[in-house]
Amino acid sequence: MDDTIAWGAGPRAVQFLILGGKARALLHGRTHVSTEDIQALAKPVLRHRIVLNFAAESEGQTADDLVERLVTMTPTKEDELTKDARFQKIFAS
């Protein structure tokens, strides 16, 4: 995946994704952010913060395509997260 990115989203993107998730949760009558909130806001928050490289653009890929792949690849349930090798170091501490 990282072979398609020329410039990625920074820390402010994560801050706005979390802030948007909190606002969306409140609008839906909840006091907690769900994975659905983050998934719903991923494209609007990230699409203009990601720049694809020339090879990806020449193949017709878009930032929305990349964000969609990220959303589908990321585990959404706690048991999926703890079993995923990419996240085991985080949960071990």
# chains A, B, ... in the order shown; residues from 1 in each chain; ligands from 1
$ select_by_dssp --residues "chain A" --states "strand (DSSP E or B)" --output "MDAnalysis selection string"
chainID A and resid 5:7 51:52
$ select_by_dssp --residues "range 2-52 of chain A" --states "alpha helix (DSSP H)" --output "MDAnalysis selection string"
chainID A and resid 11:27 35:46
$ write_last_selection --atoms "C-alpha atoms" --output "mmCIF file, in the first residue's frame"
data_model
loop_
_atom_site.group_PDB
_atom_site.id
_atom_site.type_symbol
_atom_site.label_atom_id
_atom_site.label_comp_id
_atom_site.auth_asym_id
_atom_site.auth_seq_id
_atom_site.Cartn_x
_atom_site.Cartn_y
_atom_site.Cartn_z
ATOM 1 C CA PRO A 11 -1.241 13.905 13.096
ATOM 2 C CA ARG A 12 -3.866 16.612 12.572
ATOM 3 C CA ALA A 13 -5.786 14.219 10.327
ATOM 4 C CA VAL A 14 -6.090 11.779 13.220
ATOM 5 C CA GLN A 15 -7.148 14.589 15.552
ATOM 6 C CA PHE A 16 -9.902 15.666 13.174
ATOM 7 C CA LEU A 17 -10.976 12.067 12.584
ATOM 8 C CA ILE A 18 -11.420 11.604 16.346
ATOM 9 C CA LEU A 19 -13.136 14.975 16.785
ATOM 10 C CA GLY A 20 -15.484 14.231 13.891
ATOM 11 C CA GLY A 21 -16.193 10.804 15.351
ATOM 12 C CA LYS A 22 -17.164 12.381 18.669
ATOM 13 C CA ALA A 23 -19.473 14.851 16.940
ATOM 14 C CA ARG A 24 -21.076 12.112 14.806
ATOM 15 C CA ALA A 25 -21.631 9.940 17.874
ATOM 16 C CA LEU A 26 -23.369 12.804 19.687
ATOM 17 C CA LEU A 27 -25.531 13.516 16.644
ATOM 18 C CA THR A 35 -15.893 2.117 14.525
ATOM 19 C CA GLU A 36 -18.800 2.971 12.226
ATOM 20 C CA ASP A 37 -18.303 6.658 13.043
ATOM 21 C CA ILE A 38 -14.651 6.506 12.069
ATOM 22 C CA GLN A 39 -15.391 4.499 8.928
ATOM 23 C CA ALA A 40 -18.065 6.985 7.859
ATOM 24 C CA LEU A 41 -15.695 9.935 8.288
ATOM 25 C CA ALA A 42 -12.500 8.385 6.925
ATOM 26 C CA LYS A 43 -12.981 9.500 3.321
ATOM 27 C CA PRO A 44 -14.110 13.077 3.997
ATOM 28 C CA VAL A 45 -11.325 13.643 6.529
ATOM 29 C CA LEU A 46 -8.472 11.892 4.723
#
$ atom_distance --atom1 "CA of Asp3 in chain A" --atom2 "CA of Leu52 in chain A"
9.1 Å
$ closest_residue --among "A:Arg47, A:Lys77, A:Arg30, A:Arg86" --to "Asp64 in chain A" --atoms "only C-alpha atoms"
A:Arg47
$ atom_distance --atom1 "CA of Thr74 in chain A" --atom2 "CA of Gly60 in chain A"
23.2 Å
